[in-house]
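Scroll down for the structure; my scribbles are underneath it.
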Amino acid sequence: MKLKTKLIVSGILTASMAAGSAYAAVSEQEAAKLGDSLTPIGAEKAGNGGEIPAWDGGLQKVPAGYEGDGIYVNPFPDEQEQFRIDQSNVDQYADKLSPGQVKMIKKYDDYFIPVYPTHRTSAYPQEIYNETRENATQTELVPSGNGMENYTDGVPFPVPQNGLEAIWNHITRYRGGSVSRNVGQVTPTADGNYSVVHFQDELTWRAALQDFDPEEDQNVLFYFKQAITGPARLAGNVLLVHETINQVTEPRRAWVYNAGQRRVRRAPQVAYDGPGTAADGMRTSDNFDMYNGAPDRYNWELVGKKEMYIPYNAYELVDRDLDYDQIIKAGHINQELTRYELHRVWHVRATLKEGERHIYAQRDFYIDEDSWQATVIDHYDGRGELWRVAEAHSMYFYDQKVPWYAIETLYDTLSGRYLALGLTNEEENPYEFGTQRHSREYTPAALRRAGTR
């Protein structure tokens, strides 16, 4: 068990915080529900008496056929689609869909939602459960909501009291500690033409560094490095991010190495609605991982919990027998390859604060209760018009006890274009967990070496 010190992860302890004005953690009585009526990370353990079963620990066994090589096989290969939601019946199921999902169905004749049996596969390592139990009564938001007190690892707010706590659960969720991945990103034109941008990503939590020092970089959540490996015109460009927790007190540290110029420079635009890397304007910086970064520009409302058909157990989308042409279609990905299940989600609404600037005036988040992953997000423009719809086709990396995404999609309902990120079918060595990284690998000086063609 990690030693927790009394600190503010922003690195600043103000007089008002010391006086106890931070957002309060829950009582011991509330925390005692974890592992009892609630799962160890705060989901309702019971089923709904129908489609949603009780959580019984998640998917415990590695399925037959998995060889431990990071090429994940479908644990439910024989299951059949139960029914589909399309233009003929969407109004009947609209209460279990987001407005964005309904709009996609009504916009495209070939966009539908294939519904399968629900499996609550998500689970985390015991250490994450232990940390989460401690967090429940110790971790608090600082008064601004932009930092946390007494947090190291695990889910910070397993029994959320407000929308901001729920969104921090998504931002900080466990993704394996230290992982490398090779993935593709596409931004098809409205008629379906596309080219692939290939990324090599490294993500390392501060506490997972081989030379981790609890006294160093206390306001850093994780380190992220993203190198473009193709196409040739972009290859060699590298992004480095030190993801600070309180980004108002200390903005995200970001640098880029430009292979053509052979120079490293600071990248303050890698935040909020700055353009996403090689995304052709189809996503913002804070669209990555569905949502990331500082939450300070929005007011956050915890609308409540609901049952909803969301993308889940999306193993078909990582099938190595598929090529990208079979997945990428005009307007949206091939819905024949997707899988949706009925799950409970937290509905969180973000509304842009008066005087703040962002291209999204409102965002409605639907966050899976079993993993704290944002699974569907509807984005509205400044006129209040539903603009972009994000869907995360999640899967469980069962040998690592890591729920994550197979593919993230972001659909522009006005232009007919979209972005799909995380494609692995044609990539070599798609995921490697447990990588050993040192802090020296995440310095600006290391960028030039990483970007050498």
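Ordering of the structure tokens sets the chain letters (A, B, ...), residue numbers begin anew at 1 in every chain, and ligands are numbered from 1 in the order given.
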Proximity check stretch 43-122 of chain A to stretch 411-414 of chain A, 8 Å, nearest pairs one decimal Å, only C-alpha atoms, as a tab-separated table:
```
residue	atom	partner	partner_atom	distance
A:Lys103	CA	A:Thr413	CA	7.9
A:Met104	CA	A:Thr413	CA	7.2
A:Lys107	CA	A:Thr413	CA	8.0
```
Spatial neighbours of stretch 377-391 of chain A, max dist 6 Å, only C-alpha atoms, sep filter under 2 positions, as a PyMOL selection string: chain A and resi 100+360-365+375+409-413
Emit the selected residues as a compact mmCIF listing (two decimals), in the first residue's frame, including all heavy atoms.
```txt
# COMPACT_ATOMS: atom_id res chain seq x y z
N GLY A 100 -27.57 12.33 -29.30
CA GLY A 100 -26.63 12.19 -30.41
C GLY A 100 -26.76 10.86 -31.12
O GLY A 100 -26.71 10.78 -32.36
N TYR A 360 -17.13 24.05 -27.89
CA TYR A 360 -18.27 23.29 -27.39
C TYR A 360 -18.90 24.05 -26.23
O TYR A 360 -18.29 24.22 -25.17
CB TYR A 360 -17.86 21.90 -26.91
CG TYR A 360 -17.15 21.06 -27.95
CD1 TYR A 360 -15.99 20.37 -27.64
CD2 TYR A 360 -17.64 20.95 -29.25
CE1 TYR A 360 -15.33 19.58 -28.57
CE2 TYR A 360 -16.99 20.18 -30.20
CZ TYR A 360 -15.83 19.50 -29.85
OH TYR A 360 -15.18 18.73 -30.79
N ALA A 361 -20.13 24.50 -26.41
CA ALA A 361 -20.82 25.24 -25.35
C ALA A 361 -21.42 24.30 -24.31
O ALA A 361 -21.65 24.70 -23.17
CB ALA A 361 -21.91 26.13 -25.94
N GLN A 362 -21.69 23.08 -24.70
CA GLN A 362 -22.24 22.10 -23.77
C GLN A 362 -21.79 20.71 -24.19
O GLN A 362 -21.67 20.42 -25.38
CB GLN A 362 -23.77 22.15 -23.75
CG GLN A 362 -24.42 21.12 -22.82
CD GLN A 362 -25.93 21.20 -22.85
OE1 GLN A 362 -26.51 22.28 -22.74
NE2 GLN A 362 -26.60 20.05 -23.01
N ARG A 363 -21.51 19.88 -23.20
CA ARG A 363 -21.16 18.49 -23.45
C ARG A 363 -21.95 17.64 -22.46
O ARG A 363 -21.97 17.91 -21.27
CB ARG A 363 -19.66 18.26 -23.24
CG ARG A 363 -18.77 19.02 -24.20
CD ARG A 363 -17.37 19.15 -23.65
NE ARG A 363 -16.38 18.50 -24.48
CZ ARG A 363 -15.10 18.88 -24.56
NH1 ARG A 363 -14.66 19.88 -23.83
NH2 ARG A 363 -14.26 18.24 -25.34
N ASP A 364 -22.58 16.60 -22.99
CA ASP A 364 -23.29 15.64 -22.13
C ASP A 364 -22.52 14.33 -22.15
O ASP A 364 -22.40 13.69 -23.20
CB ASP A 364 -24.72 15.46 -22.61
CG ASP A 364 -25.63 16.59 -22.15
OD1 ASP A 364 -25.67 17.63 -22.83
OD2 ASP A 364 -26.28 16.42 -21.11
N PHE A 365 -22.02 13.95 -20.98
CA PHE A 365 -21.21 12.75 -20.81
C PHE A 365 -22.07 11.61 -20.28
O PHE A 365 -22.88 11.80 -19.36
CB PHE A 365 -20.09 12.99 -19.79
CG PHE A 365 -19.04 13.97 -20.21
CD1 PHE A 365 -19.31 15.34 -20.25
CD2 PHE A 365 -17.77 13.55 -20.54
CE1 PHE A 365 -18.34 16.25 -20.62
CE2 PHE A 365 -16.78 14.46 -20.90
CZ PHE A 365 -17.08 15.80 -20.96
N THR A 375 -18.28 6.86 -22.25
CA THR A 375 -18.56 5.94 -23.36
C THR A 375 -19.32 6.61 -24.49
O THR A 375 -19.19 6.22 -25.64
CB THR A 375 -19.31 4.70 -22.85
OG1 THR A 375 -19.48 3.77 -23.90
CG2 THR A 375 -20.66 5.07 -22.26
N THR A 409 -14.62 7.05 -31.64
CA THR A 409 -15.16 7.72 -32.83
C THR A 409 -15.73 9.07 -32.42
O THR A 409 -16.27 9.23 -31.33
CB THR A 409 -16.26 6.89 -33.50
OG1 THR A 409 -17.28 6.60 -32.55
CG2 THR A 409 -15.69 5.58 -34.05
N LEU A 410 -15.62 10.04 -33.32
CA LEU A 410 -16.19 11.37 -33.10
C LEU A 410 -16.85 11.80 -34.41
O LEU A 410 -16.16 12.09 -35.39
CB LEU A 410 -15.11 12.36 -32.68
CG LEU A 410 -15.58 13.78 -32.34
CD1 LEU A 410 -16.57 13.77 -31.18
CD2 LEU A 410 -14.39 14.68 -32.01
N TYR A 411 -18.17 11.80 -34.41
CA TYR A 411 -18.94 12.07 -35.62
C TYR A 411 -19.39 13.53 -35.67
O TYR A 411 -19.96 14.04 -34.70
CB TYR A 411 -20.19 11.16 -35.66
CG TYR A 411 -19.87 9.70 -35.70
CD1 TYR A 411 -20.22 8.86 -34.64
CD2 TYR A 411 -19.21 9.13 -36.79
CE1 TYR A 411 -19.93 7.50 -34.67
CE2 TYR A 411 -18.90 7.79 -36.83
CZ TYR A 411 -19.26 6.98 -35.77
OH TYR A 411 -18.96 5.63 -35.80
N ASP A 412 -19.15 14.17 -36.81
CA ASP A 412 -19.63 15.52 -37.05
C ASP A 412 -20.96 15.40 -37.79
O ASP A 412 -20.99 15.06 -38.98
CB ASP A 412 -18.61 16.29 -37.89
CG ASP A 412 -18.94 17.77 -38.03
OD1 ASP A 412 -20.13 18.09 -38.20
OD2 ASP A 412 -18.02 18.60 -38.00
N THR A 413 -22.05 15.67 -37.09
CA THR A 413 -23.37 15.46 -37.68
C THR A 413 -23.74 16.54 -38.69
O THR A 413 -24.73 16.40 -39.41
CB THR A 413 -24.46 15.42 -36.58
OG1 THR A 413 -24.53 16.69 -35.93
CG2 THR A 413 -24.16 14.33 -35.56
```
From A:Val256, A:Lys306, A:Phe76, A:Glu426, residue lying nearest A:Gln326 [only C-alpha atoms]: A:Glu426
Test item: residues at most 7 Å from A:Leu221, only C-alpha atoms, excluding those fewer than 5 positions along its chain, as a PyMOL selection string: chain A and resi 205-206+243-245
Keeping only N, CA, C and O atoms, write the selected residues as a PDB file, in the first residue's frame.
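New file again-v8.pdb:
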```pdb
ATOM      1  N   TRP A 205       2.097   6.445 -15.888  1.00  0.00           N
ATOM      2  CA  TRP A 205       1.673   7.130 -14.664  1.00  0.00           C
ATOM      3  C   TRP A 205       2.909   7.473 -13.837  1.00  0.00           C
ATOM      4  O   TRP A 205       3.889   6.721 -13.811  1.00  0.00           O
ATOM      5  N   ARG A 206       2.863   8.596 -13.167  1.00  0.00           N
ATOM      6  CA  ARG A 206       4.026   9.042 -12.392  1.00  0.00           C
ATOM      7  C   ARG A 206       4.502   7.959 -11.427  1.00  0.00           C
ATOM      8  O   ARG A 206       5.697   7.685 -11.318  1.00  0.00           O
ATOM      9  N   GLU A 243       1.203  15.656 -17.935  1.00  0.00           N
ATOM     10  CA  GLU A 243      -0.191  15.963 -17.628  1.00  0.00           C
ATOM     11  C   GLU A 243      -0.318  16.406 -16.173  1.00  0.00           C
ATOM     12  O   GLU A 243      -0.329  15.580 -15.253  1.00  0.00           O
ATOM     13  N   THR A 244      -0.396  17.697 -15.964  1.00  0.00           N
ATOM     14  CA  THR A 244      -0.575  18.214 -14.614  1.00  0.00           C
ATOM     15  C   THR A 244      -2.031  18.067 -14.188  1.00  0.00           C
ATOM     16  O   THR A 244      -2.938  18.083 -15.012  1.00  0.00           O
ATOM     17  N   ILE A 245      -2.234  17.918 -12.896  1.00  0.00           N
ATOM     18  CA  ILE A 245      -3.593  17.732 -12.398  1.00  0.00           C
ATOM     19  C   ILE A 245      -4.297  19.069 -12.279  1.00  0.00           C
ATOM     20  O   ILE A 245      -5.360  19.276 -12.856  1.00  0.00           O
TER      21      ILE A 245
END
```
Secondary structure check, helix (DSSP H, G or I) residues of stretch 44-113 of chain A, as a list in words: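 DSSP on the backbone gives helix (DSSP H, G or I) at Val90, Asp91, Gln92, Tyr93, Ala94, Asp95, Lys96, Pro99, Gly100, Gln101, Val102, Lys103, Met104, Ile105, Lys106 and Lys107 of chain A.
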Atomic distance atom CA of A:Thr139 - atom CA of A:Pro156, expressed in Å with one decimal: 6.1 Å
Residue nearest A:Gly42 - candidates A:Pro158, A:Gly422, A:Pro125, A:Gly355, atoms counted: only C-alpha atoms: A:Pro158
Pairwise distance for atom CA of A:Gln400 and atom CA of A:Lys61, rounded to one decimal in Å: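 Interatomic distance here is 11.3 Å.
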